[in-house]
Each structure stands twice: as C-alpha cells, then as structure tokens.
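Chemist: This is target-v2.txt, which holds compact mmCIF, C-alpha atoms and all ligand atoms:
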# COMPACT_ATOMS: atom_id res chain seq x y z
CA MET A 1 -27.04 22.43 -0.34
CA LEU A 2 -27.71 19.50 1.94
CA ARG A 3 -30.09 17.03 0.41
CA ASP A 4 -31.57 15.23 3.32
CA GLU A 5 -32.15 12.01 1.43
CA LEU A 6 -31.07 8.57 2.48
CA TYR A 7 -28.06 7.21 0.63
CA SER A 8 -27.21 3.57 0.23
CA VAL A 9 -23.65 2.63 1.22
CA GLU A 10 -22.76 2.18 -2.47
CA SER A 11 -24.16 5.53 -3.60
CA ALA A 12 -22.61 7.35 -0.62
CA LEU A 13 -19.22 5.82 -1.41
CA ALA A 14 -19.60 6.72 -5.08
CA LYS A 15 -20.36 10.30 -4.00
CA VAL A 16 -17.23 10.43 -1.84
CA LEU A 17 -15.05 8.96 -4.59
CA SER A 18 -16.43 11.45 -7.12
CA GLN A 19 -14.96 14.26 -4.98
CA VAL A 20 -11.54 12.89 -4.14
CA HIS A 21 -8.25 13.32 -5.97
CA ARG A 22 -4.73 12.03 -5.70
CA LEU A 23 -2.48 14.47 -3.84
CA PRO A 24 0.58 15.97 -5.57
CA PRO A 25 3.95 14.19 -5.39
CA GLN A 26 6.76 15.10 -3.06
CA VAL A 27 10.27 13.79 -2.56
CA ALA A 28 10.87 11.61 0.48
CA SER A 29 14.02 9.92 1.65
CA LEU A 30 14.41 6.17 1.66
CA THR A 31 13.21 5.21 5.14
CA ASN A 32 10.50 3.00 6.62
CA ALA A 33 8.21 6.03 6.41
CA LEU A 34 7.83 5.16 2.71
CA LEU A 35 6.05 1.88 3.51
CA GLY A 36 2.54 1.88 2.05
CA LEU A 37 3.10 5.04 0.00
CA VAL A 38 2.86 5.08 -3.78
CA LEU A 39 5.70 5.92 -6.17
CA ALA A 40 5.04 9.00 -8.27
CA GLU A 41 8.00 8.40 -10.60
CA ASP A 42 9.23 5.57 -12.78
CA ILE A 43 12.33 3.96 -11.32
CA TYR A 44 15.00 2.69 -13.75
CA ALA A 45 18.06 0.54 -13.14
CA ASP A 46 21.25 2.61 -13.06
CA ARG A 47 23.43 -0.45 -13.71
CA ASP A 48 23.15 -4.12 -14.50
CA SER A 49 22.26 -6.43 -11.66
CA PRO A 50 24.21 -8.41 -10.96
CA PRO A 51 26.89 -6.07 -12.30
CA PHE A 52 29.06 -9.11 -13.13
CA ALA A 53 28.44 -12.83 -13.53
CA LYS A 54 28.40 -14.06 -9.96
CA SER A 55 28.51 -17.31 -8.11
CA LEU A 56 25.35 -18.37 -6.26
CA VAL A 57 27.17 -20.89 -4.06
CA ASP A 58 30.45 -21.62 -2.35
CA GLY A 59 32.42 -23.89 -4.70
CA PHE A 60 34.75 -23.98 -7.70
CA ALA A 61 34.40 -21.97 -10.88
CA VAL A 62 35.49 -24.07 -13.85
CA ARG A 63 35.26 -24.29 -17.61
CA CYS A 64 32.52 -26.72 -18.43
CA GLN A 65 33.97 -28.00 -21.67
CA ASP A 66 37.40 -29.08 -20.32
CA ASP A 67 37.53 -32.81 -20.85
CA THR A 68 39.09 -34.22 -17.67
CA PRO A 69 37.28 -34.33 -14.34
CA GLU A 70 40.41 -33.04 -12.61
CA ARG A 71 41.21 -29.32 -12.26
CA ARG A 72 44.12 -27.33 -10.87
CA VAL A 73 43.02 -24.69 -8.33
CA VAL A 74 44.85 -21.53 -9.34
CA MET A 75 43.16 -18.81 -7.31
CA GLU A 76 40.62 -17.99 -4.67
CA ILE A 77 37.98 -15.27 -5.17
CA MET A 78 36.01 -13.89 -2.24
CA ALA A 79 32.84 -11.79 -2.51
CA GLY A 80 33.86 -8.21 -3.26
CA ALA A 81 37.21 -9.20 -4.81
CA THR A 82 38.15 -9.18 -8.49
CA PRO A 83 39.79 -12.23 -10.14
CA SER A 84 43.52 -11.82 -10.65
CA GLN A 85 43.59 -13.63 -14.01
CA PRO A 86 41.38 -15.43 -16.56
CA LEU A 87 40.78 -19.11 -16.08
CA GLY A 88 42.85 -21.32 -18.33
CA VAL A 89 42.21 -24.83 -19.64
CA GLY A 90 42.03 -27.39 -16.82
CA GLU A 91 41.95 -24.72 -14.13
CA ALA A 92 39.54 -23.96 -11.29
CA ALA A 93 39.01 -21.00 -8.95
CA ARG A 94 37.70 -21.43 -5.45
CA VAL A 95 34.82 -18.95 -5.18
CA ALA A 96 32.58 -17.72 -2.38
CA THR A 97 28.84 -17.01 -2.78
CA GLY A 98 28.48 -13.64 -4.48
CA ALA A 99 32.02 -13.67 -5.89
CA MET A 100 32.80 -12.43 -9.39
CA LEU A 101 33.54 -15.25 -11.83
CA PRO A 102 36.90 -15.11 -13.61
CA GLU A 103 36.87 -14.71 -17.36
CA GLY A 104 36.57 -18.10 -19.05
CA ALA A 105 34.61 -19.75 -16.22
CA ASP A 106 31.08 -20.73 -17.16
CA VAL A 107 29.90 -22.83 -14.24
CA VAL A 108 30.36 -23.16 -10.50
CA VAL A 109 30.51 -26.64 -9.01
CA MET A 110 29.30 -26.82 -5.43
CA GLN A 111 31.91 -27.57 -2.83
CA GLU A 112 30.00 -30.75 -1.90
CA GLN A 113 30.34 -32.07 -5.47
CA VAL A 114 34.13 -32.16 -5.64
CA GLU A 115 36.80 -34.15 -3.84
CA PRO A 116 40.51 -33.41 -3.25
CA ALA A 117 42.89 -34.90 -5.81
CA GLY A 118 46.31 -33.95 -4.48
CA PRO A 119 47.80 -30.55 -3.56
CA ASP A 120 45.86 -27.74 -5.30
CA ARG A 121 43.90 -30.26 -7.28
CA ILE A 122 40.22 -31.25 -7.20
CA ARG A 123 38.15 -33.86 -8.96
CA LEU A 124 34.58 -33.10 -10.08
CA LEU A 125 32.26 -35.84 -8.94
CA ARG A 126 29.86 -35.27 -11.82
CA GLN A 127 29.85 -33.49 -15.17
CA PRO A 128 28.51 -29.92 -14.61
CA ARG A 129 26.00 -28.23 -16.91
CA THR A 130 26.92 -24.81 -18.36
CA GLY A 131 25.56 -21.92 -16.30
CA GLU A 132 24.89 -23.97 -13.19
CA ASN A 133 25.06 -21.88 -9.98
CA VAL A 134 25.92 -18.76 -11.95
CA LEU A 135 23.77 -15.61 -12.13
CA PRO A 136 24.81 -13.96 -15.41
CA GLN A 137 25.49 -10.23 -15.54
CA GLY A 138 22.21 -8.27 -15.93
CA ALA A 139 20.00 -11.35 -15.39
CA GLU A 140 17.94 -9.61 -12.72
CA MET A 141 17.99 -6.06 -14.12
CA ARG A 142 19.47 -4.43 -17.18
CA ARG A 143 20.87 -0.93 -16.96
CA GLY A 144 18.15 1.52 -18.15
CA GLU A 145 15.35 -1.00 -17.64
CA LEU A 146 12.10 0.18 -16.00
CA ILE A 147 12.03 -1.62 -12.65
CA LEU A 148 9.27 0.04 -10.58
CA PRO A 149 6.68 2.00 -12.54
CA ALA A 150 4.95 5.03 -10.99
CA GLY A 151 1.90 3.75 -9.09
CA THR A 152 3.82 0.98 -7.34
CA VAL A 153 3.02 0.65 -3.64
CA VAL A 154 6.21 0.65 -1.56
CA ARG A 155 6.61 -2.55 0.49
CA PRO A 156 9.75 -4.01 2.05
CA ALA A 157 10.83 -5.61 -1.27
CA GLU A 158 10.48 -2.26 -3.07
CA ILE A 159 12.51 -0.58 -0.31
CA GLY A 160 15.24 -3.16 -0.95
CA VAL A 161 15.16 -2.64 -4.70
CA LEU A 162 15.29 1.15 -4.28
CA ALA A 163 18.31 0.70 -2.01
CA SER A 164 19.97 -1.60 -4.55
CA LEU A 165 19.46 1.08 -7.21
CA GLY A 166 21.01 3.75 -5.02
CA LYS A 167 17.72 5.66 -4.78
CA THR A 168 18.10 7.39 -1.42
CA ALA A 169 15.19 9.73 -2.18
CA VAL A 170 12.12 9.10 -4.34
CA SER A 171 9.00 10.91 -5.41
CA VAL A 172 5.82 9.61 -3.76
CA TYR A 173 2.30 10.97 -3.59
CA ARG A 174 1.92 13.19 -0.54
CA GLN A 175 0.23 11.74 2.54
CA PRO A 176 -3.06 13.37 3.44
CA VAL A 177 -3.09 15.34 6.69
CA VAL A 178 -6.26 14.44 8.54
CA ALA A 179 -7.63 16.72 11.25
CA ILE A 180 -9.43 14.95 14.08
CA LEU A 181 -12.07 16.90 15.93
CA PRO A 182 -14.20 15.13 18.53
CA THR A 183 -17.24 17.06 19.74
CA GLY A 184 -19.32 16.74 22.90
CA ASP A 185 -19.93 18.44 26.25
CA GLU A 186 -19.71 15.04 27.95
CA LEU A 187 -16.13 14.27 26.85
CA VAL A 188 -12.96 14.35 28.92
CA GLU A 189 -9.51 13.36 27.73
CA PRO A 190 -8.26 9.82 28.52
CA GLY A 191 -5.92 11.08 31.25
CA MET A 192 -8.80 12.60 33.24
CA MET A 193 -11.22 11.00 35.67
CA PRO A 194 -14.72 11.49 34.24
CA GLY A 195 -17.17 13.31 36.50
CA PRO A 196 -20.88 12.48 36.72
CA GLY A 197 -22.36 12.23 33.25
CA GLN A 198 -18.97 12.39 31.56
CA ILE A 199 -17.17 9.81 29.43
CA ARG A 200 -13.64 9.57 28.11
CA ASN A 201 -12.93 10.66 24.58
CA SER A 202 -12.03 7.38 22.91
CA ASN A 203 -12.81 8.36 19.35
CA ALA A 204 -9.95 10.78 18.88
CA ALA A 205 -7.33 8.19 19.77
CA MET A 206 -9.06 5.49 17.72
CA LEU A 207 -9.51 7.70 14.66
CA ALA A 208 -5.88 8.84 14.85
CA ALA A 209 -4.86 5.18 14.89
CA LEU A 210 -7.09 4.41 11.90
CA VAL A 211 -5.62 7.37 10.02
CA ALA A 212 -2.06 6.28 10.81
CA ARG A 213 -2.79 2.68 9.85
CA ASN A 214 -3.90 3.95 6.47
CA ASN A 215 -0.66 5.82 5.79
CA ALA A 216 -2.12 9.26 6.43
CA LEU A 217 -1.02 11.83 9.03
CA PRO A 218 -3.40 12.50 11.91
CA ARG A 219 -3.56 15.98 13.43
CA TYR A 220 -5.49 16.14 16.67
CA LEU A 221 -7.33 19.41 17.29
CA GLY A 222 -8.69 18.78 20.82
CA ILE A 223 -12.29 18.48 21.99
CA ALA A 224 -14.90 20.92 20.71
CA ARG A 225 -17.81 21.60 23.04
CA ASP A 226 -21.38 21.64 21.81
CA SER A 227 -21.47 25.35 21.09
CA PHE A 228 -20.89 27.32 17.94
CA ASP A 229 -18.23 29.40 19.69
CA SER A 230 -16.23 26.32 20.65
CA LEU A 231 -16.71 24.53 17.34
CA ARG A 232 -16.08 27.44 14.99
CA PRO A 233 -12.32 28.08 15.51
CA LEU A 234 -11.55 24.36 15.59
CA VAL A 235 -13.49 23.66 12.42
CA ARG A 236 -11.69 26.54 10.71
CA GLU A 237 -8.38 25.04 11.81
CA GLY A 238 -9.49 21.63 10.56
CA LEU A 239 -10.46 23.00 7.16
CA LYS A 240 -6.80 23.81 6.54
CA CYS A 241 -6.04 20.08 6.42
CA ASP A 242 -6.71 17.73 3.50
CA VAL A 243 -9.44 15.93 5.42
CA LEU A 244 -11.46 16.99 8.47
CA LEU A 245 -12.94 14.19 10.56
CA LEU A 246 -15.45 15.31 13.14
CA SER A 247 -16.96 12.86 15.54
CA GLY A 248 -20.31 13.38 17.20
CA GLY A 249 -22.79 16.22 16.92
CA VAL A 250 -24.00 15.20 13.46
CA SER A 251 -27.39 13.79 14.37
CA VAL A 252 -30.64 15.71 14.76
CA GLY A 253 -30.58 16.51 18.52
CA PRO A 254 -30.71 20.13 19.76
CA LEU A 255 -26.95 20.12 20.38
CA ASP A 256 -26.01 18.53 17.07
CA LEU A 257 -24.60 21.76 15.72
CA VAL A 258 -22.05 20.35 13.27
CA PRO A 259 -24.14 20.46 10.06
CA GLN A 260 -25.22 24.06 10.64
CA LEU A 261 -21.74 25.21 11.55
CA LEU A 262 -20.15 23.52 8.54
CA ARG A 263 -22.68 25.18 6.29
CA GLU A 264 -21.95 28.54 7.92
CA GLN A 265 -18.23 28.00 7.18
CA GLY A 266 -18.91 27.41 3.51
CA VAL A 267 -18.65 23.63 3.46
CA GLN A 268 -20.80 22.16 0.71
CA LEU A 269 -22.69 19.30 2.33
CA LEU A 270 -23.33 16.41 -0.03
CA PHE A 271 -25.05 13.84 2.14
CA HIS A 272 -26.15 13.49 5.74
CA LYS A 273 -27.74 10.08 6.08
CA VAL A 274 -26.60 6.69 4.93
CA TRP A 275 -28.83 3.64 5.12
CA LEU A 276 -26.56 1.52 7.25
CA LYS A 277 -26.03 0.23 10.74
CA PRO A 278 -24.10 1.26 12.69
CA GLY A 279 -23.73 4.83 11.50
CA LYS A 280 -26.86 6.24 9.92
CA PRO A 281 -26.13 9.92 10.62
CA LEU A 282 -23.04 10.44 8.51
CA LEU A 283 -22.22 13.76 7.06
CA PHE A 284 -20.05 14.31 4.02
CA GLY A 285 -19.09 17.59 2.45
CA VAL A 286 -16.37 19.38 0.54
CA TYR A 287 -14.57 22.67 1.04
CA ASP A 288 -12.48 23.54 -2.02
CA ASP A 289 -10.49 20.35 -2.53
CA LYS A 290 -10.78 19.30 1.12
CA LEU A 291 -13.05 16.57 2.38
CA VAL A 292 -15.17 16.84 5.52
CA PHE A 293 -16.67 13.84 7.27
CA GLY A 294 -19.01 14.20 10.22
CA LEU A 295 -18.79 10.75 11.76
CA PRO A 296 -21.36 9.56 14.28
CA GLY A 297 -20.22 9.88 17.91
CA ASN A 298 -20.81 6.28 18.84
CA PRO A 299 -17.43 4.59 18.62
CA VAL A 300 -18.40 1.56 16.51
CA SER A 301 -20.36 3.81 14.14
CA SER A 302 -17.31 6.05 13.85
CA PHE A 303 -15.07 3.05 13.17
CA VAL A 304 -17.35 1.48 10.56
CA SER A 305 -17.98 4.81 8.81
CA PHE A 306 -14.24 5.36 8.67
CA GLU A 307 -13.65 1.94 7.14
CA LEU A 308 -16.43 2.27 4.58
CA PHE A 309 -15.94 5.86 3.44
CA VAL A 310 -12.80 7.52 4.78
CA ARG A 311 -10.39 4.68 4.10
CA PRO A 312 -11.22 4.42 0.37
CA ALA A 313 -10.90 8.23 0.09
CA LEU A 314 -7.46 8.14 1.73
CA ARG A 315 -6.42 5.37 -0.66
CA VAL A 316 -7.26 7.58 -3.64
CA MET A 317 -5.43 10.57 -2.13
CA LEU A 318 -2.36 8.39 -1.60
CA GLY A 319 -2.40 7.39 -5.27
CA LYS A 320 -3.46 3.75 -4.81
CA SER A 321 -5.06 2.36 -7.94
CA GLU A 322 -7.74 0.38 -6.10
CA PRO A 323 -9.80 2.40 -3.60
CA HIS A 324 -12.20 -0.42 -2.83
CA LEU A 325 -11.86 -2.60 0.19
CA ALA A 326 -11.44 -6.36 0.22
CA TYR A 327 -14.81 -8.04 0.48
CA LEU A 328 -14.67 -11.80 0.55
CA GLN A 329 -16.92 -14.80 0.96
CA ALA A 330 -16.70 -16.85 4.11
CA THR A 331 -18.82 -19.57 5.64
CA PHE A 332 -20.20 -19.54 9.14
CA ALA A 333 -18.73 -21.99 11.62
CA GLU A 334 -21.71 -21.65 13.97
CA GLU A 335 -25.31 -20.74 13.38
CA PHE A 336 -26.21 -17.09 13.56
CA TYR A 337 -29.43 -15.13 13.68
CA TYR A 338 -29.71 -11.36 13.32
CA ARG A 339 -32.70 -9.21 12.52
CA THR A 340 -32.10 -5.66 11.36
CA ASP A 341 -33.98 -2.83 9.69
CA ARG A 342 -30.93 -1.62 7.76
CA PRO A 343 -27.96 -3.16 5.96
CA THR A 344 -25.63 -3.97 8.86
CA TYR A 345 -21.89 -4.34 9.32
CA HIS A 346 -21.63 -6.68 12.27
CA PRO A 347 -18.31 -7.29 14.08
CA ALA A 348 -16.97 -10.76 13.33
CA LYS A 349 -13.98 -13.01 13.63
CA LEU A 350 -12.52 -14.31 10.38
CA TRP A 351 -9.96 -17.09 10.07
CA LEU A 352 -8.55 -19.57 7.59
CA ASP A 353 -9.61 -23.16 8.07
CA GLU A 354 -7.72 -25.53 5.76
CA GLY A 355 -7.53 -22.87 3.08
CA ALA A 356 -11.15 -21.71 3.33
CA TRP A 357 -12.43 -18.56 5.01
CA ARG A 358 -14.54 -19.21 8.10
CA VAL A 359 -16.31 -16.57 10.10
CA ASP A 360 -18.37 -16.14 13.24
CA ALA A 361 -20.16 -13.12 14.59
CA VAL A 362 -18.78 -11.80 17.86
CA PRO A 363 -21.27 -10.82 20.58
CA TRP A 364 -22.20 -7.18 20.01
CA LEU A 365 -24.39 -4.77 21.92
CA GLY A 366 -24.58 -2.20 19.15
CA SER A 367 -22.92 1.02 18.11
CA ALA A 368 -21.58 1.98 21.55
CA ASP A 369 -19.95 -1.43 22.14
CA LEU A 370 -16.37 -0.77 21.08
CA ARG A 371 -15.10 -3.72 23.08
CA ALA A 372 -16.74 -6.04 20.53
CA LEU A 373 -14.35 -4.68 17.90
CA THR A 374 -11.38 -5.79 19.97
CA ARG A 375 -12.56 -9.37 19.41
CA ALA A 376 -13.16 -8.81 15.71
CA ASN A 377 -11.04 -8.57 12.58
CA ALA A 378 -13.89 -8.34 10.07
CA LEU A 379 -17.42 -7.13 9.55
CA LEU A 380 -20.29 -9.32 8.37
CA CYS A 381 -22.26 -7.61 5.62
CA LEU A 382 -25.88 -8.38 6.41
CA PRO A 383 -28.85 -7.19 4.35
CA ALA A 384 -31.89 -5.61 6.02
CA GLY A 385 -34.41 -8.14 7.29
CA GLU A 386 -34.19 -11.53 8.95
CA ASN A 387 -30.73 -13.05 8.69
CA ARG A 388 -30.66 -16.71 9.60
CA PHE A 389 -27.48 -18.63 8.91
CA VAL A 390 -26.69 -22.28 9.47
CA PRO A 391 -23.13 -23.61 9.85
CA GLY A 392 -21.45 -23.80 6.43
CA GLN A 393 -23.63 -21.11 4.91
CA ALA A 394 -21.85 -18.35 2.97
CA VAL A 395 -21.86 -14.68 3.89
CA GLN A 396 -20.12 -11.60 2.54
CA VAL A 397 -17.42 -10.27 4.83
CA LEU A 398 -15.33 -7.13 4.91
CA ALA A 399 -11.86 -7.74 6.33
CA ILE A 400 -10.83 -4.76 8.42
CA GLU A 401 -7.31 -6.02 8.80
CA SER A 402 -5.23 -8.86 7.60
CA PRO A 403 -6.67 -11.91 9.38
CA TRP A 404 -3.38 -13.70 9.96
P1 LIG B 501 -23.48 12.15 19.30
O1 LIG B 501 -23.31 11.67 17.89
O2 LIG B 501 -22.73 13.39 19.58
O3 LIG B 501 -24.92 12.23 19.65
O4 LIG B 501 -22.85 11.02 20.20
C1 LIG B 501 -23.39 9.72 20.19
C2 LIG B 501 -22.82 8.89 21.32
O5 LIG B 501 -21.44 8.75 21.13
C3 LIG B 501 -22.99 9.52 22.68
O6 LIG B 501 -23.27 8.49 23.61
C4 LIG B 501 -21.66 10.14 22.96
O7 LIG B 501 -21.39 10.28 24.32
C5 LIG B 501 -20.71 9.17 22.29
N1 LIG B 501 -19.51 9.88 21.88
C6 LIG B 501 -19.47 11.02 21.18
N2 LIG B 501 -18.21 11.41 20.97
C7 LIG B 501 -17.42 10.47 21.54
C8 LIG B 501 -16.01 10.32 21.66
N3 LIG B 501 -15.16 11.22 21.15
N4 LIG B 501 -15.55 9.25 22.32
C9 LIG B 501 -16.40 8.35 22.84
N5 LIG B 501 -17.72 8.44 22.75
C10 LIG B 501 -18.26 9.48 22.12
MG MG B 502 -22.66 14.80 20.99
Can the structure in the file be given as structure tokens, please?
Modeler:
Amino acid sequence: MLRDELYSVESALAKVLSQVHRLPPQVASLTNALLGLVLAEDIYADRDSPPFAKSLVDGFAVRCQDDTPERRVVMEIMAGATPSQPLGVGEAARVATGAMLPEGADVVVMQEQVEPAGPDRIRLLRQPRTGENVLPQGAEMRRGELILPAGTVVRPAEIGVLASLGKTAVSVYRQPVVAILPTGDELVEPGMMPGPGQIRNSNAAMLAALVARNNALPRYLGIARDSFDSLRPLVREGLKCDVLLLSGGVSVGPLDLVPQLLREQGVQLLFHKVWLKPGKPLLFGVYDDKLVFGLPGNPVSSFVSFELFVRPALRVMLGKSEPHLAYLQATFAEEFYYRTDRPTYHPAKLWLDEGAWRVDAVPWLGSADLRALTRANALLCLPAGENRFVPGQAVQVLAIESPW
C-alpha cells in the first residue's frame, strides 16, 4: 500500500535501510575486480612472514657481540638464496636486501657504515645494536594468525596481503546487479539525433556509472515508453535483478505510469514523496527481497536521489559495515544566499585549504542542470528557508567523491 505522505530524507533513508540485506557470499579470484568488495571469510596466515629472519638493507650480517671491529667476509647471500654455513666468531656475510640471514648473525650493518680492511676483511665504523636492519622471522605475521577478518573492504594493500598469503580466490559478498530502466516518450539514445521535442537519454549512462562506481553491476534494459505495454515487460525483466532503478514517470502527470504499473506487478510501494530538493517525487518499494527505486527524471534529481538513498542501500548489500555517507563541516570561501522551500542539496565545490575544508556553491539552475554537477564534487546541505552565509561561516556538506 502506497502511503502518500511526505517523508523527510532521514526517515526515507531509514525506511530503505530497514528493507535491505547483505547479499550472500561467492568466491572470486584475486583480480582488481575485488577492489571495494568486502571479504566474507576470515583470512589467516599460512606461514610466517617473513618466513626467515631477513635483511632490510644491503650490507654485512655480523654477530653483534664479537669484540673486534674487524670481520672476515666468508660468504655472500643474495635475496632468494640460502646461506651455505653458519656465521662463526669474527665473521661477516655480505647480504642483499631481502636475503636470509645466516645462523649466528644477529644484525646487519649497512654497507655505508663499514670500510675495507684488507682482502676479504671489513671494519665496522660504529658498534651495531642487536637486531638493527633485521626483520625477525614472523615479525609481520605468524602462521595461523588472523590477518584480515571477514568484513574487511578490499583495497590495494589487502590485494597485496592476499597475494602474499597465496590466496588466489577468496569469498566476498556478491555484488548487486542493478537494472537501469529510463522511461519517457521524449528520449532517444545518445547516438541518435533528437527530433523536435526529443532529448537524449543521459540518465541511463549516468546511473550506470554511479552503479559501477559503487561496486555494483549495472544492467541496462533500454528505454521504456510512457505506456503500460512498453513498461510492463521491461519492469518484469528489471524485477529479476537485485535492484531496479527506474528514471522518470514517477510524478503525478497523466503519463507518470510507473507507480501504477509497479503496483500492478506486485511491488509493495513504501514511499513516494521525500521532502527534499532536488528530487521530491521519489518512489521506493520492495518485491520479495528486491529493491525498486523510481528516481525522478530530471538528471540532478536522479543523481542526488541515487547518492542519498541508493548508494547506502548498495553499501549494505555489499556487506559494508557503514552504510552512511560522509557528511562533513566546511566553511564558505565566498558569501552565499539561497532561499528554498525544502531541505536542499546544492551542487558545490569542496577543497582543502591549509588542512581545513572550504566550500563554495557552484552556479546551478535547478534539477535539470546536470552541467552544474560537472563543476561540483559535493552537495551543500541547506535547510528550508532563507540561507544566508558569510565567508568563513560553517555549513554541512556531503562529499560525493573524494575531493582530492
Ligand atoms: P519525468 O520525471 O518523467 O516527468 O521527467 C522529468 C524531466 O526529466 C523531463 O524534463 C524529462 O524529459 C527529463 N528526463 C526524464 N528521463 C530522462 C533521461 N533518461 N535522461 C535525461 N532526461 C530525462
Ligand atoms: Mg517522463
């Protein structure tokens, strides 16, 4: 049952989050496609790291306690080689970075801190301290130790650790498949020349990019026309995916058929209006465990609704522990005035100025002005009413991407 009441952004988001679940795990191979996904298994060390005491520098492995500064160089050990013999009293081994230390050696003296003292002899220029320039066996990881707990987000460092542990395949939470269904009689695809009254379908490409940027898998369904017969088969197709994103046709015009059609298809509609700008008509419903969002057709409204509601839902499905987005405080560089009847997310430019967040609004003509977003990397969060800011005044900001 659609309750046609107005939701605040917070209550609408809470409603969405109350319906969303983490997807089941699946095994994926160790490739860049893992970046941003979440481990669904605990990862343990299969061996000590380093597996042997190793040298951190190019130099000479010696026994610290030997009492003369002179040493006899008895062997050379490269990375990957094994020492041919233990190190005796008064002896040194030339070692490369990463080389295994010979038994008996407890310190590596950097090449720069020795001088020659005859054939096969060196003199230490200062007394070394035990353990210097040596990474002991197991110092980084102990065999059997828990290294990456389930729930860890995979970043480049995690990819490296997985590789070092020989994990060529790992269990991660499945990526949501997100169907993208733009609607409108006026739309033509980007490769076409629009006729009179027509515009290019920009939302499908933009939404697919937003989906991909959030580690989910977009599935484009093509344009639905503003008729039940055109919409119906595409909506049915979309309901097979984890998430269905429709754009357009969700308002209250005579050709806004999406709410009625979704209801006909058994989608349980949970809200239809959110008290925000841009993006007041915003439909959310569920179909079994699938989520359906009817995003407003205007591109900036679609973008902002995605950021506020779809992105947190995708984060939960991916298994991320924190669904909420990064709001931060910034101060205006210039003065800014904006009057609005609803809480507004206004395109803005955010930057770091000597360690402090600074922000300025970018010129914006409203929900159809997608170009403004190309100059923005954040949204100002403005309450309803008169907003008058002087330079240096603080404002809440939602970063839509990393601002550096
Ligand atoms: P609607 O929500 O269907 O009333 O559409 C609102 C506005 O957004 C209209 O000006 C539409 O032409 C425009 N619009 C709808 N869908 C798209 C789309 N896929 N790409 C670009 N603009 C769109
Ligand atoms: Mg329309």
Chemist: Please write as a CSV table (one decimal) with C-alpha atoms, in the coordinates of the input the list of polymer residues whose atoms come within 9 Å of (25.1, -26.5, -12.0), counting only C-alpha atoms and keeping to the coordinates of the file.
Modeler:
chain,number,residue,atom,x,y,z
A,107,VAL,CA,29.9,-22.8,-14.2
A,108,VAL,CA,30.4,-23.2,-10.5
A,109,VAL,CA,30.5,-26.6,-9.0
A,110,MET,CA,29.3,-26.8,-5.4
A,128,PRO,CA,28.5,-29.9,-14.6
A,129,ARG,CA,26.0,-28.2,-16.9
A,130,THR,CA,26.9,-24.8,-18.4
A,131,GLY,CA,25.6,-21.9,-16.3
A,132,GLU,CA,24.9,-24.0,-13.2
A,133,ASN,CA,25.1,-21.9,-10.0
A,134,VAL,CA,25.9,-18.8,-12.0
Chemist: CA of Arg213 (chain A) to CA of Arg311 (chain A): how many Å, to one decimal?
Modeler: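 If I compute the distance from CA of Arg213 (chain A) to CA of Arg311 (chain A), I get 9.7 Å.
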Chemist: Which residues are near Tyr327 (chain A)? Cut-off 8 Å, all atoms listed in the file, ignore same chain within fewer than 2 positions. Put them as a list of chain:residue names.
Modeler: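 With the cut-off at 8 Å, the set is A:Leu325, A:Gln329, A:Gln396, A:Val397, A:Leu398, A:Ala399.
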Chemist: Can you tell me which residues sit at most 9 Å away from ligand MG 502 (chain B), counting all atoms listed in the file, written as an mmCIF file with C-alpha atoms, in the frame of the given file?
Modeler:
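Printed below is selection-v2.cif as written:
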data_model
loop_
_atom_site.group_PDB
_atom_site.id
_atom_site.type_symbol
_atom_site.label_atom_id
_atom_site.label_comp_id
_atom_site.auth_asym_id
_atom_site.auth_seq_id
_atom_site.Cartn_x
_atom_site.Cartn_y
_atom_site.Cartn_z
ATOM 1 C CA PRO A 182 -14.200 15.130 18.530
ATOM 2 C CA THR A 183 -17.240 17.060 19.740
ATOM 3 C CA GLY A 184 -19.320 16.740 22.900
ATOM 4 C CA ASP A 185 -19.930 18.440 26.250
ATOM 5 C CA GLU A 186 -19.710 15.040 27.950
ATOM 6 C CA LEU A 187 -16.130 14.270 26.850
ATOM 7 C CA ARG A 225 -17.810 21.600 23.040
ATOM 8 C CA ASP A 226 -21.380 21.640 21.810
ATOM 9 C CA SER A 247 -16.960 12.860 15.540
ATOM 10 C CA GLY A 248 -20.310 13.380 17.200
ATOM 11 C CA GLY A 249 -22.790 16.220 16.920
ATOM 12 C CA VAL A 250 -24.000 15.200 13.460
ATOM 13 C CA SER A 251 -27.390 13.790 14.370
ATOM 14 C CA GLY A 253 -30.580 16.510 18.520
ATOM 15 C CA LEU A 255 -26.950 20.120 20.380
ATOM 16 C CA ASP A 256 -26.010 18.530 17.070
ATOM 17 C CA LEU A 257 -24.600 21.760 15.720
ATOM 18 C CA PRO A 296 -21.360 9.560 14.280
ATOM 19 C CA GLY A 297 -20.220 9.880 17.910
ATOM 20 C CA ASN A 298 -20.810 6.280 18.840
#
Chemist: Build an axis-aligned box that encloses every atom of ligand LIG 501 (chain B) listed in the file, pad it by 3 Å on each side, and report its centre and edge lengths in Å to one decimal, as lines of an AutoDock Vina configuration file.
Modeler:
center_x = -20.0
center_y = 10.9
center_z = 21.1
size_x = 15.8
size_y = 11.0
size_z = 12.4
Chemist: Here is a test: counting all atoms listed in the file, which residue of A:Lys167, A:Arg315, A:Arg200, A:Arg342 is nearest to ligand LIG 501 (chain B)?
Modeler: A:Arg200
